[in-house]
Amino acid sequence: MKTNYLFAIDAATNEILVSESAKGSFKVTLIERIPSAEDELLFDAVALLTKISKQTEVDVPLFKAVEKVCQLIYGKRV
């Protein structure tokens with residue numbers, strides 16, 4: 001099964017939370033916490049993704065495009 005990375009921002013610590021979940025699974029496993037200063041580009045992309053998801057009417061194509069950007073940026077780290 002393909003693994004999907006999930007991203008979130010911990011506002012209290014200013015870190016990116018990276019988790020994984022197998023496609024079709026409800027199980028989520030934390031992979032790592034990345035300080036914002038360690039990867040500012042990824043932090044900004046995840047922050048944008050978070051802002052998009054908080055909109056009253058989520059623009060799904062835009063959300064998917066930014067999520068793909070987050071996946072690509074993180075993929076270069078691993």
# chains A, B, ... in the order shown; residues from 1 in each chain; ligands from 1

$ residues_around --residues "A:Phe63" --least-positions-apart "6" --cutoff "8 Å" --atoms "only C-alpha atoms" --output "list in words"
Leu49, Ile52 and Ser53 of chain A

$ closest_residue --among "A:Tyr5, A:Pro61, A:Asn14, A:Val46" --to "A:Leu30" --atoms "only C-alpha atoms"
A:Tyr5

$ atom_distance --atom1 "atom CA of A:Leu17" --atom2 "atom CA of A:Ile34"
6.6 Å

$ residues_around --residues "A:Asn4" --least-positions-apart "3" --cutoff "8 Å" --atoms "only C-alpha atoms" --output "PyMOL selection string"
chain A and resi 20-23

$ select_by_dssp --residues "chain A" --states "strand (DSSP E or B)" --output "JSON, numbers by chain"
{"A": [3, 4, 5, 6, 7, 8, 9, 10, 15, 16, 17, 18, 19, 20, 21, 22, 29, 30, 31, 32, 33, 34, 35]}

$ write_last_selection --atoms "C-alpha atoms" --output "PDB file, in the first residue's frame"
ATOM      1  CA  THR A   3       1.988   5.670   2.254  1.00  0.00           C
ATOM      2  CA  ASN A   4       0.642   9.192   2.509  1.00  0.00           C
ATOM      3  CA  TYR A   5       2.428  11.819   4.549  1.00  0.00           C
ATOM      4  CA  LEU A   6       0.247  14.066   6.660  1.00  0.00           C
ATOM      5  CA  PHE A   7       1.366  17.509   7.774  1.00  0.00           C
ATOM      6  CA  ALA A   8       0.372  19.846  10.593  1.00  0.00           C
ATOM      7  CA  ILE A   9       1.811  22.803  12.467  1.00  0.00           C
ATOM      8  CA  ASP A  10       2.285  22.733  16.242  1.00  0.00           C
ATOM      9  CA  GLU A  15       7.252  22.781  14.543  1.00  0.00           C
ATOM     10  CA  ILE A  16       6.016  20.817  11.560  1.00  0.00           C
ATOM     11  CA  LEU A  17       4.436  17.509  12.529  1.00  0.00           C
ATOM     12  CA  VAL A  18       4.945  14.830   9.900  1.00  0.00           C
ATOM     13  CA  SER A  19       2.876  11.667  10.154  1.00  0.00           C
ATOM     14  CA  GLU A  20       2.148   8.795   7.827  1.00  0.00           C
ATOM     15  CA  SER A  21      -0.875   6.721   7.031  1.00  0.00           C
ATOM     16  CA  ALA A  22      -1.300   3.873   4.590  1.00  0.00           C
ATOM     17  CA  THR A  29       1.806   7.318  12.984  1.00  0.00           C
ATOM     18  CA  LEU A  30       3.960  10.309  13.908  1.00  0.00           C
ATOM     19  CA  ILE A  31       7.255  10.217  11.976  1.00  0.00           C
ATOM     20  CA  GLU A  32       9.006  13.359  13.159  1.00  0.00           C
ATOM     21  CA  ARG A  33       8.789  16.920  14.381  1.00  0.00           C
ATOM     22  CA  ILE A  34      10.752  19.463  12.351  1.00  0.00           C
ATOM     23  CA  PRO A  35      11.564  22.882  13.819  1.00  0.00           C
TER      24      PRO A  35
END

$ select_by_dssp --residues "stretch 3-50 of chain A" --states "helix (DSSP H, G or I)" --output "MDAnalysis selection string"
chainID A and resid 36:38 40:50

$ closest_residue --among "A:Glu67, A:Lys76, A:Lys27, A:Ala12" --to "A:Asp44" --atoms "only C-alpha atoms"
A:Glu67

$ closest_residue --among "A:Phe26, A:Thr50, A:Ser36, A:Thr56" --to "A:Thr13" --atoms "only C-alpha atoms"
A:Ser36
